[in-house]
$ cat protein37.txt   # compact mmCIF, C-alpha atoms
# COMPACT_ATOMS: atom_id res chain seq x y z
CA MET G 1 157.67 98.18 67.15
CA LYS G 2 159.53 99.47 64.09
CA LEU G 3 159.14 96.05 62.52
CA ARG G 4 155.34 96.17 62.87
CA ILE G 5 155.14 99.62 61.32
CA LEU G 6 157.34 98.44 58.47
CA ALA G 7 155.08 95.39 57.89
CA VAL G 8 151.93 97.54 57.86
CA ALA G 9 153.54 100.00 55.43
CA ALA G 10 154.54 97.15 53.13
CA GLY G 11 150.93 95.90 53.23
CA PHE G 12 149.61 99.28 52.13
CA VAL G 13 152.13 99.38 49.29
CA MET G 14 151.07 95.91 48.09
CA LEU G 15 147.32 96.61 48.36
CA PRO G 16 146.87 98.18 44.90
CA ALA G 17 148.75 95.30 43.30
CA ILE G 18 146.55 92.75 45.04
CA ALA G 19 143.34 94.62 44.12
CA GLY G 20 144.47 94.89 40.50
CA ALA G 21 145.06 91.17 40.30
CA GLN G 22 141.52 90.44 41.44
CA THR G 23 139.76 92.48 38.77
CA PRO G 24 138.89 90.51 35.64
CA THR G 25 140.55 91.69 32.47
CA ASP G 26 137.65 90.52 30.32
CA THR G 27 134.72 92.79 31.20
CA THR G 28 132.28 91.45 28.61
CA VAL G 29 129.24 89.84 30.14
CA LYS G 30 127.72 86.89 28.37
CA ARG G 31 124.00 86.50 28.92
CA ALA G 32 121.54 83.95 27.67
CA ALA G 33 118.98 85.17 25.19
CA ALA G 34 115.53 85.86 26.56
CA LYS G 35 112.81 83.36 25.76
CA ASP G 36 111.00 85.60 23.26
CA SER G 37 114.05 87.19 21.65
CA SER G 38 114.16 84.89 18.66
CA LEU G 39 114.56 86.23 15.19
CA GLU G 40 111.29 84.67 14.01
CA ALA G 41 108.38 86.83 12.95
CA LYS G 42 105.99 87.73 15.77
CA PRO G 43 102.22 87.36 15.29
CA VAL G 44 100.25 90.55 14.87
CA PRO G 45 97.09 90.87 16.94
CA PRO G 46 93.92 90.99 14.88
CA SER G 47 92.16 94.30 14.67
CA ASP G 48 88.69 92.81 15.19
CA GLY G 49 89.51 91.63 18.74
CA THR G 50 87.93 88.21 18.27
CA THR G 51 91.02 86.07 18.78
CA CYS G 52 94.37 86.39 20.43
CA PRO G 53 97.33 84.78 18.64
CA TRP G 54 99.26 84.63 21.93
CA GLY G 55 96.59 82.51 23.62
CA CYS G 56 95.31 85.29 25.85
CA PRO G 57 92.80 83.55 28.10
CA THR G 58 90.96 86.71 29.07
CA SER G 59 90.45 88.14 25.62
CA SER G 60 87.02 86.49 25.41
CA GLY G 61 86.43 86.06 29.15
CA ALA G 62 85.61 82.92 31.06
CA ALA G 63 82.81 81.46 33.18
CA GLY G 64 80.18 83.52 31.40
CA LEU G 65 81.95 86.80 32.18
CA THR G 66 83.70 89.22 29.88
CA GLY G 67 87.47 89.53 30.05
CA PRO G 68 87.52 92.59 32.34
CA GLN G 69 84.80 91.10 34.56
CA PHE G 70 86.70 87.84 34.94
CA LEU G 71 89.95 89.62 35.77
CA ALA G 72 88.11 91.75 38.34
CA LEU G 73 86.64 88.58 39.86
CA GLN G 74 90.03 86.87 40.10
CA GLN G 75 91.67 89.97 41.57
CA GLU G 76 88.97 90.27 44.21
CA LEU G 77 89.19 86.56 45.01
CA ARG G 78 92.92 87.03 45.55
CA ASP G 79 92.57 90.25 47.55
CA ARG G 80 89.80 88.89 49.79
CA LEU G 81 91.90 85.82 50.63
CA CYS G 82 89.45 83.30 49.22
CA GLY G 83 92.23 80.89 48.34
CA LEU G 84 93.36 82.24 44.99
CA ARG G 85 97.02 83.22 44.84
CA HIS G 86 97.51 84.21 41.19
CA VAL G 87 95.38 86.00 38.62
CA THR G 88 95.74 83.75 35.59
CA GLY G 89 92.74 84.64 33.45
CA ARG G 90 91.74 80.98 33.34
CA TYR G 91 88.76 79.35 35.04
CA ASP G 92 90.84 76.58 36.56
CA ALA G 93 90.44 74.43 39.66
CA ALA G 94 91.97 77.05 41.96
CA THR G 95 89.53 79.69 40.70
CA ARG G 96 86.56 77.31 41.10
CA ALA G 97 87.57 76.57 44.69
CA ALA G 98 88.01 80.28 45.45
CA VAL G 99 84.58 81.07 43.95
CA ARG G 100 83.05 78.32 46.09
CA ARG G 101 84.79 79.63 49.24
CA CYS G 102 83.84 83.28 48.64
CA ALA G 103 80.26 82.33 47.69
CA ALA G 104 79.92 80.66 51.09
CA LYS G 105 81.44 83.73 52.82
CA LEU G 106 79.13 86.14 51.00
CA GLY G 107 76.05 83.92 51.21
CA VAL G 108 75.35 83.84 47.46
CA ALA G 109 75.00 81.14 44.83
CA ASN G 110 78.12 79.21 43.82
CA ASN G 111 78.33 81.13 40.56
CA PRO G 112 81.16 83.46 39.38
CA GLY G 113 78.68 86.11 38.27
CA ALA G 114 76.79 86.09 41.56
CA VAL G 115 80.04 86.28 43.53
CA LEU G 116 81.26 89.22 41.42
CA VAL G 117 78.01 91.13 41.95
CA ALA G 118 78.05 90.38 45.71
CA MET G 119 81.61 91.70 45.99
CA ASP G 120 80.25 95.14 45.05
CA VAL G 121 83.21 96.27 42.96
CA GLY G 122 81.23 98.12 40.32
CA TYR G 123 79.37 95.34 38.53
CA GLY G 124 75.63 94.98 38.99
CA SER G 125 73.32 92.10 38.16
CA GLY G 126 72.43 93.83 34.87
CA ASP G 127 76.09 93.77 33.80
CA ILE G 128 76.51 90.02 34.25
CA GLN G 129 75.18 87.53 31.70
CA THR G 130 73.43 84.76 33.59
CA SER G 131 74.63 81.33 32.59
CA GLY G 132 74.45 77.88 34.08
CA GLU G 133 78.23 77.64 34.58
CA GLU G 134 79.66 77.20 38.03
$ encode --input "protein37.txt" --output "C-alpha cells"
Amino acid sequence: MKLRILAVAAGFVMLPAIAGAQTPTDTTVKRAAAKDSSLEAKPVPPSDGTTCPWGCPTSSGAAGLTGPQFLALQQELRDRLCGLRHVTGRYDAATRAAVRRCAAKLGVANNPGAVLVAMDVGYGSGDIQTSGEE
C-alpha cells in the first residue's frame, strides 16, 4: 500500500517536468501568405462604374438584368431550391437550369426576367428590360 502511494506521489512530482518537455520552445508560427497579399500594385476601381478591373461579373448584370436584379434572381433561385447552390453572378449552365426549373414551377416563360417578376421579390414587369435571352 505504501509502495502505491509512493509511486503516485512520484508521478505527481514528475508531471511538471513531463509537461514542460512537451511544450515547443519555438513559439513562432509560420504561415503561408494569402493569395492576394502580394506586394504588387492593386487596381483601382474606375469612378464611372462602367468596368470592373477585378472581373466582377455582376457589375453590368447578366441575362438582360441589371447587377442587383441578377443577384436577386440567383439568390431566390437558391433559396427556393430550384437547383442553384451558389450565387456566382454569372449566367452559367447551373443558373440556366435553375431558371428553367423555377419557370416551370411558377408557370411563366423560360426567361430570367419573367421568373424574377413572378417570384414577387420587389421587381415588377416595368423594372425588367425585355430581351430575347433565355
$ atom_distance --input "protein37.txt" --atom1 "atom CA of Arg96 of chain G" --atom2 "atom CA of Gln69 of chain G"
15.4 Å
$ residues_around --input "protein37.txt" --residues "segment 109-117 of chain G" --least-positions-apart "4" --cutoff "8 Å" --atoms "all atoms listed in the file" --output "list in words"
Ala63, Gly64, Leu65, Gln69, Ala72, Leu73, Val99, Arg100, Cys102, Ala103, Ala104, Val121, Gly122, Tyr123, Gly124, Ser125, Ile128, Gln129, Thr130, Glu133 and Glu134 of chain G
$ atom_distance --input "protein37.txt" --atom1 "atom CA of Arg101 of chain G" --atom2 "atom CA of Gly67 of chain G"
21.8 Å
$ atom_distance --input "protein37.txt" --atom1 "atom CA of Gly83 of chain G" --atom2 "atom CA of Gly126 of chain G"
27.2 Å
$ closest_residue --input "protein37.txt" --among "G:Gly89, G:Leu84, G:Ala118, G:Arg4" --to "Pro68 of chain G" --atoms "all atoms listed in the file"
G:Gly89
$ closest_residue --input "protein37.txt" --among "G:Val8, G:Leu3, G:Leu71, G:Met119" --to "Thr88 of chain G" --atoms "only C-alpha atoms"
G:Leu71
